[in-house]
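Undergrad: I have a structure here, written as structure tokens, and I will follow up with some questions on it.
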Protein chains: 2
Amino acid sequence: MNNKLLIVGTMAYDAIETPFGKVEKILGGAATYIGLSASQFLVDSAIISVVGEDFDMQHLQLLKEKNLDLSGVEIVKGGETFFWSGRYNEDLNTRTTLETRLNVLENFNPIIPDQFRSPDIVVLGNLSPEVQIKALEQLKRSPTLIILDTMNFWMDHFRSKLDEVIKKVDVISINDEEARQLTGEHSLVKAAQLIHQLGPRYIIIKKGEHGALLFHDNEIFSAPALPLAEVFDPTGAGDSFAGGFAGYLTQTLDFSFNNMKSAVIYGSAMASFTVEKFGTDSLINCSVSSMANRIKAFKELTTFEIEF
Amino acid sequence: MNNKLLIVGTMAYDAIETPFGKVEKILGGAATYIGLSASQFLVDSAIISVVGEDFDMQHLQLLKEKNLDLSGVEIVKGGETFFWSGRYNEDLNTRTTLETRLNVLENFNPIIPDQFRSPDIVVLGNLSPEVQIKALEQLKRSPTLIILDTMNFWMDHFRSKLDEVIKKVDVISINDEEARQLTGEHSLVKAAQLIHQLGPRYIIIKKGEHGALLFHDNEIFSAPALPLAEVFDPTGAGDSFAGGFAGYLTQTLDFSFNNMKSAVIYGSAMASFTVEKFGTDSLINCSVSSMANRIKAFKELTTFEIEF
């Protein structure tokens, strides 16, 4: 039996416009990306989420085929699935949300099935802190690691509830602007120190095309993003990162800084796949050999030899 | 006898304001930073530049003590040294030029002393492309490597002259926005491919706090910037990078991609020293052991182990 990864997050339909094209209604959501990304590893994952009756059975089938347990995905009768639409600007670094329809997400009450109440690792995907807390309260024993992904919206409007969650987690994954917003500190090194004081032992600061930083005590690791000729659609990159990071750690259950570094590289590799195509297409078709090649590319990209 | 590095560039006085403090008139200029940075290596460097009669003899003395040959530095009688003043914004990533007085730089006619007309490596610091061409024309034999550092100003106003220089150089060092401006291409991977077609075999794209990328044929190397709790004054960071890069390559004269990677790391290390204090203070006091520690820090920052 594999180690268990519990994923709490959204499942959604997205409409996306980028300078390269447009899609009307494709599979999306944080839990979807996290789950598909984690499914690259030898783990037993379960998704806790909610969808509407409109959710395509083929999409559920697809996720099940990736060995994702969906017994904790509520299907609301007569409800509609969470919908997000957005447009990316020319540089792909900024985007405008065109529409957010919470739909069934509005009254989401997460229920964790019995067989997943003692997971090895939990990922709380970007979601209301209240839902995240509710999920954590159902666990029978403390997981070895809780990973939180969140965003500026929750900092703006639900800060005290978010602080409650942050206090309970071991790893937080946010982007550079969010780290600055959370702490009021421009230097990411100082921001990480302040976030550490809020709870998390490990702080991941994502920098988009500039990669990611991992902070722990006095140690820092810097992972580049893979320089790509074409970034096609950045949607889900951060969630794919979280999924790769969590999937690898669940498989290995080794939280030494060295192994956390490897997890960051696996996360970066998964994100690099995601941005190459619209939506989840790259993740779904990712193979063991393409993963190995990508890790090799990260190695070549970063390795240098200087001896003293 | 050491290998020879020829540095063509400005010497200046700077007035700088950052969120952390203010200085009225300190030693600056591209050639100054490049020279001080290169002086960390076993090389014989010469600076080709121009200063006014106001230039402090103690500053000339300081540079000579760092084994920099100043016989190609013209001292214009009655002239005033190039002066730049600028203010950095809160985030230190953007700055406003408050004043530029070209002074003696306006009529700068570079003269390379005989003993430096056959250097191993040339660095053309950020300067008018016309002056850069004039310097190259005086060389008796082709150097093994010509490195160009330039900026958006020359792209805006002297593009065709700049293109002439770019055609003649082996390495170009510019920042990400300049790479995009030079090529009209947002993707840095594609921009590097286009710049390669303009002449340079090696393209360095500097990304400030996000590090630097080195491109050569189909190979890419990504060097992070050292995450610092305090970036005190970014002035001269790019020049210090160029000096470390050129100094290390002049010492080794090995242009394999592997050794170019090491040169990028040495450049990044020198830049990381420069930003820690106002002006040239950190470079002047840099020791062999502090350099070794910093290279070690870069190694720890980037090394990960994943085997297949």
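Ligands are numbered from 1 in the order shown, residues from 1 within each chain, and chains are lettered A, B, ... in the order they appear in the structure tokens.
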Extract the full set of alpha helix (DSSP H) residues from range 92-271 of chain B according to DSSP on the backbone, and format it as a ChimeraX atom specification.
TA: /B:129-137,152-157,159-168,176-183,188-198,237-252,257-271
Undergrad: If you run DSSP over the backbone, which residues in range 6-234 of chain B end up strand (DSSP E)? Put them as a ChimeraX atom specification.
TA: /B:6-8,12-18,21-28,43-52,68-76,83-88,95-101,121-124,145-149,171-175,202-206,212-216,219-223
Undergrad: Output the contact residues of chain B with respect to chain A at a cut-off of 6 Å, based on only C-alpha atoms, as a PyMOL selection string.
TA: chain B and resi 187+189-190+220-222+229+262+301-302+304
Undergrad: Give the answer as one residue: which of B:Thr10, B:Asn2, B:Asn126, B:Gln181 has the shortest atom-to-atom distance to Ser39 in chain B, using only C-alpha atoms?
TA: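 Nearest to Ser39 in chain B: B:Asn2.
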Undergrad: Show which residues sit within 12 Å of range 23-25 of chain A, as a list in words. Count only C-alpha atoms, and ignore same-chain residues fewer than 6 positions away.
TA: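 In the requested format, the answer is Ala12, Tyr13, Asp14, Ala15, Ile16, Glu17, Asp54, Phe55, Asp56, Thr81, Phe82, Phe83, Trp84, Ser85, Gly86, Arg87, Asp233, Lys277, Phe278 and Gly279 of chain A.
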Undergrad: Quick one: write out the picked residues with C-alpha atoms as a short mmCIF file (atom, residue, chain, number, x, y, z; two decimals), in the first residue's frame?
TA:
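Result file is again-v5.cif:
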data_model
loop_
_atom_site.label_atom_id
_atom_site.label_comp_id
_atom_site.auth_asym_id
_atom_site.auth_seq_id
_atom_site.Cartn_x
_atom_site.Cartn_y
_atom_site.Cartn_z
CA ALA A 12 -13.84 23.83 -11.63
CA TYR A 13 -14.52 24.66 -15.20
CA ASP A 14 -12.37 27.41 -16.64
CA ALA A 15 -12.68 29.67 -19.68
CA ILE A 16 -9.26 31.03 -20.58
CA GLU A 17 -7.93 33.55 -23.06
CA ASP A 54 -23.22 19.55 -14.73
CA PHE A 55 -19.81 18.04 -14.05
CA ASP A 56 -18.84 15.74 -16.89
CA THR A 81 -19.76 23.57 -10.82
CA PHE A 82 -17.52 26.47 -9.77
CA PHE A 83 -16.65 28.50 -12.87
CA TRP A 84 -13.77 30.88 -13.48
CA SER A 85 -12.88 32.82 -16.58
CA GLY A 86 -9.85 34.99 -17.11
CA ARG A 87 -7.72 36.68 -19.70
CA ASP A 233 -1.20 29.04 -20.51
CA LYS A 277 -0.61 23.58 -23.05
CA PHE A 278 -4.11 24.75 -22.17
CA GLY A 279 -5.47 23.45 -18.88
#
Undergrad: Just the number, please: distance in Å from CA of Ser240 in chain B to CA of Ser160 in chain B, one decimal.
TA: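 Separation of CA of Ser240 in chain B and CA of Ser160 in chain B: 27.1 Å.
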Undergrad: Taking only C-alpha atoms into account, name the residue in A:Gln197, A:Asn103, A:Ser71, A:Ser272 that is nearest to Leu6 in chain A.
TA: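 The closest residue to Leu6 in chain A is A:Ser71.
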Undergrad: Could you list, as a list in words, every residue within 7 Å of Gly52 in chain A, counting only C-alpha atoms and ignoring same-chain residues fewer than 4 positions away?
TA: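 Selected residues are Ile75, Val76, Lys77, Gly78, Gly79, Glu80, Thr81 and Val104 of chain A.
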Undergrad: What does the file look like for those residues with N, CA and C atoms, as a compact mmCIF listing (two decimals), in the first residue's frame?
TA:
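Saved result, selection32.txt, follows:
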# COMPACT_ATOMS: atom_id res chain seq x y z
N ILE A 75 -21.25 15.60 -5.16
CA ILE A 75 -21.91 16.06 -6.38
C ILE A 75 -23.27 16.63 -5.99
N VAL A 76 -23.41 17.93 -6.09
CA VAL A 76 -24.64 18.60 -5.63
C VAL A 76 -25.72 18.51 -6.69
N LYS A 77 -26.81 17.89 -6.32
CA LYS A 77 -27.93 17.74 -7.26
C LYS A 77 -28.48 19.10 -7.67
N GLY A 78 -28.65 19.30 -8.94
CA GLY A 78 -29.19 20.57 -9.44
C GLY A 78 -28.19 21.72 -9.35
N GLY A 79 -27.01 21.45 -8.80
CA GLY A 79 -26.02 22.52 -8.65
C GLY A 79 -25.13 22.66 -9.87
N GLU A 80 -24.47 23.81 -9.93
CA GLU A 80 -23.51 24.02 -11.01
C GLU A 80 -22.09 24.10 -10.45
N THR A 81 -21.16 23.59 -11.23
CA THR A 81 -19.76 23.57 -10.82
C THR A 81 -19.17 24.98 -10.81
N VAL A 104 -21.71 25.90 -6.61
CA VAL A 104 -21.77 24.95 -5.48
C VAL A 104 -20.66 25.17 -4.45
Undergrad: Could you state the separation of CA of Leu68 in chain B and CA of Leu249 in chain B in Å, given to one decimal place?
TA: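 The value is 16.7 Å.
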Undergrad: What separation in Å, quoted to one decimal, exists between CA of Leu5 in chain A and CA of Leu127 in chain A?
TA: 17.5 Å
Undergrad: What's the 8 Å shell around Trp154 in chain A, counting only C-alpha atoms, without same-chain residues fewer than 4 positions away, as a list in words?
TA: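 After dropping sequence-adjacent residues, the list is Ser128, Pro129, Thr150, Phe158, Arg159 and Leu162 of chain A.
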Undergrad: Can I get the selected residues back with C-alpha atoms, as a short mmCIF file (atom, residue, chain, number, x, y, z; two decimals), in the first residue's frame?
TA:
data_model
loop_
_atom_site.label_atom_id
_atom_site.label_comp_id
_atom_site.auth_asym_id
_atom_site.auth_seq_id
_atom_site.Cartn_x
_atom_site.Cartn_y
_atom_site.Cartn_z
CA SER A 128 -11.60 29.63 1.81
CA PRO A 129 -9.64 29.33 5.09
CA THR A 150 -3.37 30.30 -0.59
CA PHE A 158 -10.34 36.77 5.69
CA ARG A 159 -7.02 37.52 7.32
CA LEU A 162 -6.32 32.63 7.31
#
Undergrad: In terms of the shortest atom-to-atom distance over only C-alpha atoms, which of A:Thr252, A:Asn3, A:Thr32, A:Thr100 is closest to Gly236 in chain A?
TA: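 The closest residue to Gly236 in chain A is A:Thr32.
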